[in-house]
file my_file-v3.cif (mmCIF, C-alpha atoms)
data_input
loop_
_atom_site.label_atom_id
_atom_site.label_comp_id
_atom_site.auth_asym_id
_atom_site.auth_seq_id
_atom_site.Cartn_x
_atom_site.Cartn_y
_atom_site.Cartn_z
CA MET A 188 -133.10 17.63 59.30
CA THR A 189 -135.34 18.93 62.11
CA ALA A 190 -134.67 20.32 65.57
CA GLU A 191 -135.83 16.98 66.98
CA ASP A 192 -133.31 15.12 64.79
CA LEU A 193 -130.59 17.44 66.06
CA ASP A 194 -131.52 16.66 69.67
CA SER A 195 -131.10 12.94 69.02
CA LEU A 196 -127.52 13.14 67.69
CA PRO A 197 -124.89 11.39 69.84
CA ASP A 198 -122.22 13.45 71.61
CA ASP A 199 -119.14 12.98 69.46
CA GLY A 200 -117.04 15.98 70.50
CA TRP A 201 -118.32 18.28 67.76
CA ARG A 202 -120.75 21.20 68.09
CA TYR A 203 -123.77 21.04 65.81
CA GLU A 204 -126.33 23.58 64.66
CA LEU A 205 -129.01 23.54 61.98
CA GLN A 206 -129.10 26.14 59.25
CA ALA A 207 -132.28 25.90 57.18
CA GLY A 208 -132.49 22.16 57.84
CA HIS A 209 -128.83 21.44 57.08
CA LEU A 210 -126.45 20.16 59.75
CA VAL A 211 -123.52 22.50 60.42
CA SER A 212 -120.60 21.32 62.56
CA GLU A 213 -117.59 22.91 64.20
CA PRO A 214 -114.73 21.43 66.19
CA LEU A 215 -114.55 22.32 69.87
CA PRO A 216 -113.13 25.85 69.95
CA GLY A 217 -110.36 25.67 72.56
CA THR A 218 -109.30 27.08 75.89
CA ARG A 219 -109.08 30.81 75.09
CA HIS A 220 -112.58 30.70 73.62
CA GLY A 221 -113.85 28.93 76.74
CA ARG A 222 -112.25 31.43 79.08
CA VAL A 223 -113.62 34.47 77.25
CA THR A 224 -117.05 32.84 77.12
CA ALA A 225 -116.92 32.17 80.89
CA ILE A 226 -115.99 35.79 81.64
CA ILE A 227 -118.87 37.11 79.53
CA ALA A 228 -121.35 34.65 81.07
CA GLU A 229 -120.18 35.60 84.56
CA LEU A 230 -120.46 39.37 83.92
CA LEU A 231 -123.87 39.10 82.27
CA GLY A 232 -125.17 36.51 84.73
CA ARG A 233 -124.27 38.56 87.80
CA PHE A 234 -125.85 41.68 86.28
CA VAL A 235 -129.05 39.93 85.12
CA ARG A 236 -129.58 38.03 88.41
CA SER A 237 -129.03 41.13 90.56
CA ARG A 238 -131.82 42.93 88.70
CA GLY A 239 -134.16 40.00 88.03
CA LEU A 240 -134.08 40.71 84.29
CA GLY A 241 -134.26 37.14 83.00
CA VAL A 242 -131.79 34.33 82.38
CA VAL A 243 -128.32 33.96 80.91
CA CYS A 244 -127.42 30.72 79.14
CA ALA A 245 -123.93 29.59 78.23
CA GLY A 246 -122.43 26.54 76.64
CA ASP A 247 -124.34 26.52 73.40
CA ALA A 248 -127.92 26.41 74.65
CA GLY A 249 -129.98 25.86 71.51
CA PHE A 250 -132.47 28.37 70.13
CA LEU A 251 -135.04 27.33 67.54
CA LEU A 252 -134.99 30.34 65.23
CA ALA A 253 -137.10 29.02 62.34
CA ARG A 254 -139.25 26.02 61.37
CA ALA A 255 -139.69 24.15 58.09
CA PRO A 256 -136.82 24.13 57.41
CA ASP A 257 -135.53 24.30 60.98
CA THR A 258 -132.74 26.61 62.07
CA VAL A 259 -131.24 25.97 65.50
CA ARG A 260 -128.34 28.12 66.66
CA GLY A 261 -126.30 27.77 69.84
CA PRO A 262 -124.72 31.09 70.83
CA ASP A 263 -121.81 30.94 73.23
CA VAL A 264 -123.75 33.15 75.67
CA ALA A 265 -127.36 34.29 75.45
CA PHE A 266 -129.77 36.45 77.42
CA ILE A 267 -133.56 35.98 77.45
CA THR A 268 -135.82 38.47 79.23
CA ARG A 269 -137.88 37.23 82.17
CA GLU A 270 -141.09 38.07 80.29
CA ARG A 271 -140.13 35.79 77.42
CA PHE A 272 -138.51 33.03 79.46
CA GLU A 273 -141.12 32.46 82.19
CA PRO A 274 -143.98 31.30 79.93
CA VAL A 275 -141.68 28.69 78.38
CA GLY A 276 -139.28 27.86 81.23
CA ASP A 277 -136.44 25.39 81.02
CA VAL A 278 -137.00 23.04 78.11
CA ALA A 279 -135.11 19.86 77.34
CA GLY A 280 -134.41 20.85 73.73
CA ALA A 281 -133.93 24.17 72.00
CA PHE A 282 -135.67 27.25 73.38
CA PRO A 283 -138.55 28.08 71.00
CA GLY A 284 -137.50 31.49 69.77
CA ALA A 285 -134.55 33.84 69.59
CA PRO A 286 -132.52 35.14 72.51
CA ASP A 287 -132.76 38.87 73.18
CA LEU A 288 -128.95 39.03 73.15
CA ALA A 289 -126.76 36.49 71.37
CA VAL A 290 -123.00 36.46 71.99
CA GLU A 291 -120.63 34.61 69.69
CA VAL A 292 -116.96 34.35 70.63
CA LEU A 293 -114.78 33.84 67.58
CA SER A 294 -112.49 30.84 67.39
CA PRO A 295 -109.82 29.94 64.82
CA SER A 296 -112.21 27.71 62.84
CA ASN A 297 -114.80 30.49 62.27
CA ARG A 298 -115.08 31.84 58.73
CA PRO A 299 -116.45 35.36 58.10
CA ASP A 300 -119.32 34.07 55.90
CA ASP A 301 -120.41 31.64 58.62
CA ILE A 302 -120.44 34.40 61.25
CA ARG A 303 -122.48 36.70 58.97
CA ALA A 304 -124.96 33.85 58.45
CA LYS A 305 -125.32 33.39 62.21
CA VAL A 306 -125.86 37.12 62.77
CA ALA A 307 -128.44 37.19 59.97
CA ASP A 308 -130.28 34.19 61.44
CA TYR A 309 -130.40 35.74 64.92
CA LEU A 310 -131.60 39.13 63.72
CA ALA A 311 -134.20 37.67 61.33
CA ALA A 312 -135.63 35.61 64.20
CA GLY A 313 -135.99 38.63 66.49
CA THR A 314 -132.74 38.83 68.43
CA ARG A 315 -132.44 42.46 69.46
CA MET A 316 -128.65 42.62 69.68
CA VAL A 317 -125.73 40.37 68.68
CA TRP A 318 -122.19 40.68 70.00
CA ILE A 319 -119.38 39.09 67.98
CA VAL A 320 -116.43 38.93 70.36
CA ASP A 321 -113.00 38.72 68.75
CA PRO A 322 -110.31 37.67 71.27
CA GLY A 323 -107.56 37.98 68.64
CA ALA A 324 -108.32 41.65 67.93
CA ALA A 325 -109.60 42.42 71.46
CA ARG A 326 -112.81 43.94 70.14
CA VAL A 327 -116.57 43.38 69.96
CA THR A 328 -118.74 44.01 66.92
CA VAL A 329 -122.27 44.98 67.93
CA TYR A 330 -125.10 44.22 65.52
CA ARG A 331 -128.56 45.73 65.82
CA SER A 332 -129.00 45.27 62.07
CA LEU A 333 -126.89 43.41 59.56
CA LEU A 334 -126.04 46.56 57.63
CA SER A 335 -124.77 48.81 60.40
CA PRO A 336 -122.45 47.01 62.83
CA ARG A 337 -120.57 49.05 65.42
CA ILE A 338 -117.06 48.07 66.57
CA VAL A 339 -116.15 48.55 70.23
CA THR A 340 -112.42 48.32 70.91
CA SER A 341 -110.45 47.36 74.02
CA GLY A 342 -110.22 50.97 75.23
CA GLU A 343 -114.01 51.41 75.11
CA GLU A 344 -117.06 50.25 77.05
CA LEU A 345 -119.58 47.70 75.88
CA ASP A 346 -123.12 48.88 76.60
CA GLY A 347 -126.23 46.71 77.06
CA GLU A 348 -128.37 49.52 75.65
CA GLU A 349 -132.12 48.93 76.10
CA VAL A 350 -131.66 45.15 75.89
CA LEU A 351 -129.75 45.14 79.20
CA PRO A 352 -130.32 48.65 80.60
CA GLY A 353 -127.45 49.76 82.82
CA PHE A 354 -125.01 47.03 81.79
CA LYS A 355 -121.54 48.32 80.98
CA ALA A 356 -118.22 46.51 80.77
CA LYS A 357 -114.81 47.51 79.50
CA VAL A 358 -114.02 45.44 76.43
CA SER A 359 -110.51 44.87 77.81
CA ASP A 360 -112.08 43.14 80.85
CA LEU A 361 -113.44 40.40 78.58
CA PHE A 362 -109.92 39.31 77.72
CA GLU A 363 -108.20 39.50 81.13
CA PHE A 364 -107.18 36.12 82.42
#

call {"tool": "encode", "arguments": {"input": "my_file-v3.cif", "output": "structure tokens"}}
result
Amino acid sequence: MTAEDLDSLPDDGWRYELQAGHLVSEPLPGTRHGRVTAIIAELLGRFVRSRGLGVVCAGDAGFLLARAPDTVRGPDVAFITRERFEPVGDVAGAFPGAPDLAVEVLSPSNRPDDIRAKVADYLAAGTRMVWIVDPGAARVTVYRSLLSPRIVTSGEELDGEEVLPGFKAKVSDLFEF
């Protein structure tokens, strides 16, 4: 299957991605997932807009990470630098390339192998940092490489590092409703 085939699928209440040309589906993740995703998008969006750094996408905006076979991933929240976004702009289908930051919020249906595959796909395509947000454990696993993740717990601060210079948020703030 190609990215164009993916774009033509009907909306049937499932979330779809492509992994090396194969269709991958997940059920809708639920309210807690949606609330945590909204908090992260709001925090990142406000920070990015106030500094003119680029754009923040939420709600599974697609990113074309590889071609032939196609891999399209839809992170829960993503950041793209202004320098990378402006030449392409808003596109109807998947953004051609990786986000600079990909954020995945875990839901009950996620399996560890599937999450590792997503992280590997993002990093291989050029994503500079991946956050795996775990509402159940109130922690964030930060990946800059697949082999050396760093866990940030609820008592600590999440840092945007050089991807989002100056961004800091208490991990506990991501889970306050």

call {"tool": "resolve_selection", "arguments": {"input": "my_file-v3.cif", "expression": "the PyMOL selection byres ((chain A and resi 234) around 12)", "output": "VMD selection string"}}
result
chain A and resid 227 to 233 235 to 243 266 347 351 to 356

call {"tool": "resolve_selection", "arguments": {"input": "my_file-v3.cif", "expression": "the PyMOL selection byres ((chain A and resi 359) around 7)", "output": "ChimeraX atom specification"}}
result
/A:325,341-342,357-358,360-363

call {"tool": "residues_near_point", "arguments": {"input": "my_file-v3.cif", "point": "(-130.9, 33.7, 77.1)", "cutoff": "12 Å", "atoms": "all atoms listed in the file", "output": "PyMOL selection string"}}
result
chain A and resi 228+231-232+235+240-250+261-273+275-277+281-290+314-317+350-351

call {"tool": "closest_residue", "arguments": {"input": "my_file-v3.cif", "among": "A:Asp257, A:Ser294, A:Pro336, A:Ala324", "to": "Gly221 (chain A)", "atoms": "only C-alpha atoms"}}
result
A:Ser294

call {"tool": "atom_distance", "arguments": {"input": "my_file-v3.cif", "atom1": "CA of Pro322 (chain A)", "atom2": "CA of His220 (chain A)"}}
result
7.7 Å

call {"tool": "residues_near_point", "arguments": {"input": "my_file-v3.cif", "point": "(-129.8, 21.6, 59.3)", "cutoff": "8 Å", "atoms": "only C-alpha atoms", "output": "mmCIF file with C-alpha atoms, in the frame of the given file"}}
result
data_model
loop_
_atom_site.group_PDB
_atom_site.id
_atom_site.type_symbol
_atom_site.label_atom_id
_atom_site.label_comp_id
_atom_site.auth_asym_id
_atom_site.auth_seq_id
_atom_site.Cartn_x
_atom_site.Cartn_y
_atom_site.Cartn_z
ATOM 1 C CA MET A 188 -133.100 17.630 59.300
ATOM 2 C CA THR A 189 -135.340 18.930 62.110
ATOM 3 C CA LEU A 193 -130.590 17.440 66.060
ATOM 4 C CA GLU A 204 -126.330 23.580 64.660
ATOM 5 C CA LEU A 205 -129.010 23.540 61.980
ATOM 6 C CA GLN A 206 -129.100 26.140 59.250
ATOM 7 C CA ALA A 207 -132.280 25.900 57.180
ATOM 8 C CA GLY A 208 -132.490 22.160 57.840
ATOM 9 C CA HIS A 209 -128.830 21.440 57.080
ATOM 10 C CA LEU A 210 -126.450 20.160 59.750
ATOM 11 C CA VAL A 211 -123.520 22.500 60.420
ATOM 12 C CA PRO A 256 -136.820 24.130 57.410
ATOM 13 C CA ASP A 257 -135.530 24.300 60.980
ATOM 14 C CA THR A 258 -132.740 26.610 62.070
ATOM 15 C CA VAL A 259 -131.240 25.970 65.500
#

call {"tool": "closest_residue", "arguments": {"input": "my_file-v3.cif", "among": "A:Val339, A:Leu252, A:Ala311, A:Val327", "to": "Leu293 (chain A)", "atoms": "all atoms listed in the file"}}
result
A:Val327

call {"tool": "resolve_selection", "arguments": {"input": "my_file-v3.cif", "expression": "the PyMOL selection byres ((chain A and resi 306) around 9)", "output": "PDB file with C-alpha atoms, in the coordinates of the input"}}
result
ATOM      1  CA  ALA A 289    -126.760  36.490  71.370  1.00  0.00           C
ATOM      2  CA  ASP A 301    -120.410  31.640  58.620  1.00  0.00           C
ATOM      3  CA  ILE A 302    -120.440  34.400  61.250  1.00  0.00           C
ATOM      4  CA  ARG A 303    -122.480  36.700  58.970  1.00  0.00           C
ATOM      5  CA  ALA A 304    -124.960  33.850  58.450  1.00  0.00           C
ATOM      6  CA  LYS A 305    -125.320  33.390  62.210  1.00  0.00           C
ATOM      7  CA  ALA A 307    -128.440  37.190  59.970  1.00  0.00           C
ATOM      8  CA  ASP A 308    -130.280  34.190  61.440  1.00  0.00           C
ATOM      9  CA  TYR A 309    -130.400  35.740  64.920  1.00  0.00           C
ATOM     10  CA  LEU A 310    -131.600  39.130  63.720  1.00  0.00           C
ATOM     11  CA  ALA A 311    -134.200  37.670  61.330  1.00  0.00           C
ATOM     12  CA  VAL A 317    -125.730  40.370  68.680  1.00  0.00           C
ATOM     13  CA  TRP A 318    -122.190  40.680  70.000  1.00  0.00           C
ATOM     14  CA  ILE A 319    -119.380  39.090  67.980  1.00  0.00           C
ATOM     15  CA  TYR A 330    -125.100  44.220  65.520  1.00  0.00           C
ATOM     16  CA  SER A 332    -129.000  45.270  62.070  1.00  0.00           C
ATOM     17  CA  LEU A 333    -126.890  43.410  59.560  1.00  0.00           C
TER      18      LEU A 333
END

call {"tool": "atom_distance", "arguments": {"input": "my_file-v3.cif", "atom1": "CA of Asp346 (chain A)", "atom2": "CA of Glu213 (chain A)"}}
result
29.3 Å

call {"tool": "decode", "arguments": {"input": "my_file-v3.cif", "residues": "region 199-351 of chain A", "atoms": "C-alpha atoms", "output": "tab-separated table (two decimals), in the first residue's frame"}}
result
chain	number	residue	atom	x	y	z
A	199	ASP	CA	-14.37	4.19	9.78
A	200	GLY	CA	-13.46	5.16	13.35
A	201	TRP	CA	-10.04	3.50	13.31
A	202	ARG	CA	-6.62	5.17	13.10
A	203	TYR	CA	-4.40	3.93	10.30
A	204	GLU	CA	-0.69	4.19	9.58
A	205	LEU	CA	1.60	2.51	7.07
A	206	GLN	CA	4.63	0.56	8.16
A	207	ALA	CA	6.79	-0.45	5.21
A	208	GLY	CA	3.74	-0.57	2.94
A	209	HIS	CA	1.56	-2.54	5.36
A	210	LEU	CA	-1.59	-1.06	6.86
A	211	VAL	CA	-1.50	-0.83	10.67
A	212	SER	CA	-4.68	0.01	12.58
A	213	GLU	CA	-5.55	0.97	16.14
A	214	PRO	CA	-8.87	1.62	17.83
A	215	LEU	CA	-9.56	5.18	18.96
A	216	PRO	CA	-7.55	5.58	22.17
A	217	GLY	CA	-10.03	7.12	24.62
A	218	THR	CA	-10.64	10.19	26.72
A	219	ARG	CA	-7.55	10.18	28.97
A	220	HIS	CA	-5.32	9.85	25.91
A	221	GLY	CA	-7.13	12.75	24.26
A	222	ARG	CA	-6.83	14.98	27.31
A	223	VAL	CA	-3.10	14.34	27.74
A	224	THR	CA	-2.56	14.92	24.02
A	225	ALA	CA	-4.47	18.23	24.22
A	226	ILE	CA	-2.37	19.42	27.18
A	227	ILE	CA	0.87	18.63	25.37
A	228	ALA	CA	-0.32	20.28	22.14
A	229	GLU	CA	-1.39	23.37	24.07
A	230	LEU	CA	1.92	23.67	25.97
A	231	LEU	CA	4.05	23.11	22.87
A	232	GLY	CA	1.83	25.24	20.63
A	233	ARG	CA	1.90	28.25	22.94
A	234	PHE	CA	5.69	27.99	23.30
A	235	VAL	CA	6.37	27.51	19.57
A	236	ARG	CA	4.01	30.32	18.46
A	237	SER	CA	5.40	32.81	20.98
A	238	ARG	CA	8.90	32.31	19.56
A	239	GLY	CA	8.04	31.78	15.88
A	240	LEU	CA	9.86	28.44	15.89
A	241	GLY	CA	7.61	26.53	13.49
A	242	VAL	CA	4.35	24.60	13.75
A	243	VAL	CA	2.79	22.11	16.13
A	244	CYS	CA	0.41	19.49	14.74
A	245	ALA	CA	-1.96	17.34	16.75
A	246	GLY	CA	-4.56	14.76	15.97
A	247	ASP	CA	-2.46	12.33	14.01
A	248	ALA	CA	-1.15	14.56	11.24
A	249	GLY	CA	0.58	12.15	8.87
A	250	PHE	CA	4.30	12.16	8.16
A	251	LEU	CA	5.72	10.32	5.16
A	252	LEU	CA	8.86	8.80	6.66
A	253	ALA	CA	9.92	6.48	3.83
A	254	ARG	CA	9.01	5.59	0.23
A	255	ALA	CA	8.92	2.28	-1.63
A	256	PRO	CA	7.67	0.77	0.57
A	257	ASP	CA	5.90	3.73	2.16
A	258	THR	CA	5.88	4.39	5.88
A	259	VAL	CA	3.41	6.98	7.16
A	260	ARG	CA	3.20	7.63	10.88
A	261	GLY	CA	0.77	9.88	12.72
A	262	PRO	CA	2.21	11.04	16.05
A	263	ASP	CA	-0.25	12.35	18.60
A	264	VAL	CA	1.63	15.67	18.65
A	265	ALA	CA	4.46	16.81	16.39
A	266	PHE	CA	6.71	19.84	15.97
A	267	ILE	CA	8.27	20.92	12.66
A	268	THR	CA	10.76	23.79	12.53
A	269	ARG	CA	9.82	26.88	10.54
A	270	GLU	CA	12.79	26.29	8.21
A	271	ARG	CA	11.52	22.84	7.28
A	272	PHE	CA	7.81	23.66	7.23
A	273	GLU	CA	7.75	26.86	5.16
A	274	PRO	CA	9.11	25.39	1.90
A	275	VAL	CA	6.42	22.68	2.02
A	276	GLY	CA	3.54	24.43	3.83
A	277	ASP	CA	0.21	22.84	4.63
A	278	VAL	CA	-0.32	19.81	2.44
A	279	ALA	CA	-3.52	17.84	1.99
A	280	GLY	CA	-1.83	14.49	2.67
A	281	ALA	CA	1.11	13.45	4.78
A	282	PHE	CA	3.94	15.91	5.36
A	283	PRO	CA	6.91	14.76	3.22
A	284	GLY	CA	9.47	14.02	5.90
A	285	ALA	CA	9.85	13.47	9.61
A	286	PRO	CA	8.81	15.84	12.37
A	287	ASP	CA	11.62	17.33	14.44
A	288	LEU	CA	9.79	16.18	17.59
A	289	ALA	CA	7.29	13.31	17.64
A	290	VAL	CA	5.12	12.74	20.71
A	291	GLU	CA	3.26	9.49	21.23
A	292	VAL	CA	0.84	9.19	24.15
A	293	LEU	CA	0.38	5.59	25.21
A	294	SER	CA	-3.08	4.07	25.27
A	295	PRO	CA	-4.26	0.68	26.55
A	296	SER	CA	-4.08	-0.91	23.08
A	297	ASN	CA	-0.38	-0.05	22.56
A	298	ARG	CA	2.06	-2.97	22.67
A	299	PRO	CA	5.75	-2.38	23.54
A	300	ASP	CA	6.98	-3.82	20.21
A	301	ASP	CA	4.69	-1.49	18.26
A	302	ILE	CA	5.95	1.55	20.19
A	303	ARG	CA	9.59	0.55	19.60
A	304	ALA	CA	8.82	0.21	15.88
A	305	LYS	CA	7.33	3.72	15.81
A	306	VAL	CA	10.33	5.19	17.62
A	307	ALA	CA	12.70	3.39	15.24
A	308	ASP	CA	10.77	4.67	12.20
A	309	TYR	CA	10.83	8.28	13.46
A	310	LEU	CA	14.53	8.25	14.32
A	311	ALA	CA	15.55	6.51	11.08
A	312	ALA	CA	13.67	9.16	9.09
A	313	GLY	CA	15.43	12.05	10.86
A	314	THR	CA	13.24	12.91	13.83
A	315	ARG	CA	15.57	14.54	16.32
A	316	MET	CA	13.66	13.63	19.48
A	317	VAL	CA	10.75	11.34	20.38
A	318	TRP	CA	8.71	11.55	23.57
A	319	ILE	CA	6.73	8.49	24.64
A	320	VAL	CA	4.24	9.76	27.21
A	321	ASP	CA	2.88	7.17	29.63
A	322	PRO	CA	-0.21	8.47	31.49
A	323	GLY	CA	-0.46	5.26	33.55
A	324	ALA	CA	3.05	5.62	34.99
A	325	ALA	CA	3.08	9.45	34.87
A	326	ARG	CA	6.39	9.53	33.01
A	327	VAL	CA	7.95	10.39	29.65
A	328	THR	CA	10.61	8.35	27.89
A	329	VAL	CA	12.83	10.57	25.75
A	330	TYR	CA	14.54	9.03	22.73
A	331	ARG	CA	17.40	10.69	20.87
A	332	SER	CA	18.57	7.25	19.78
A	333	LEU	CA	16.91	3.87	20.05
A	334	LEU	CA	19.61	2.49	22.33
A	335	SER	CA	19.76	5.16	25.02
A	336	PRO	CA	16.30	6.32	26.14
A	337	ARG	CA	16.03	8.60	29.17
A	338	ILE	CA	13.06	8.39	31.56
A	339	VAL	CA	11.69	11.61	33.03
A	340	THR	CA	9.34	11.06	35.98
A	341	SER	CA	6.50	13.14	37.40
A	342	GLY	CA	8.78	14.96	39.84
A	343	GLU	CA	11.12	16.10	37.05
A	344	GLU	CA	11.10	18.59	34.17
A	345	LEU	CA	10.81	17.71	30.51
A	346	ASP	CA	13.30	19.72	28.45
A	347	GLY	CA	13.04	20.62	24.75
A	348	GLU	CA	16.84	20.56	24.50
A	349	GLU	CA	18.15	22.00	21.20
A	350	VAL	CA	15.03	20.85	19.34
A	351	LEU	CA	12.88	23.34	21.30
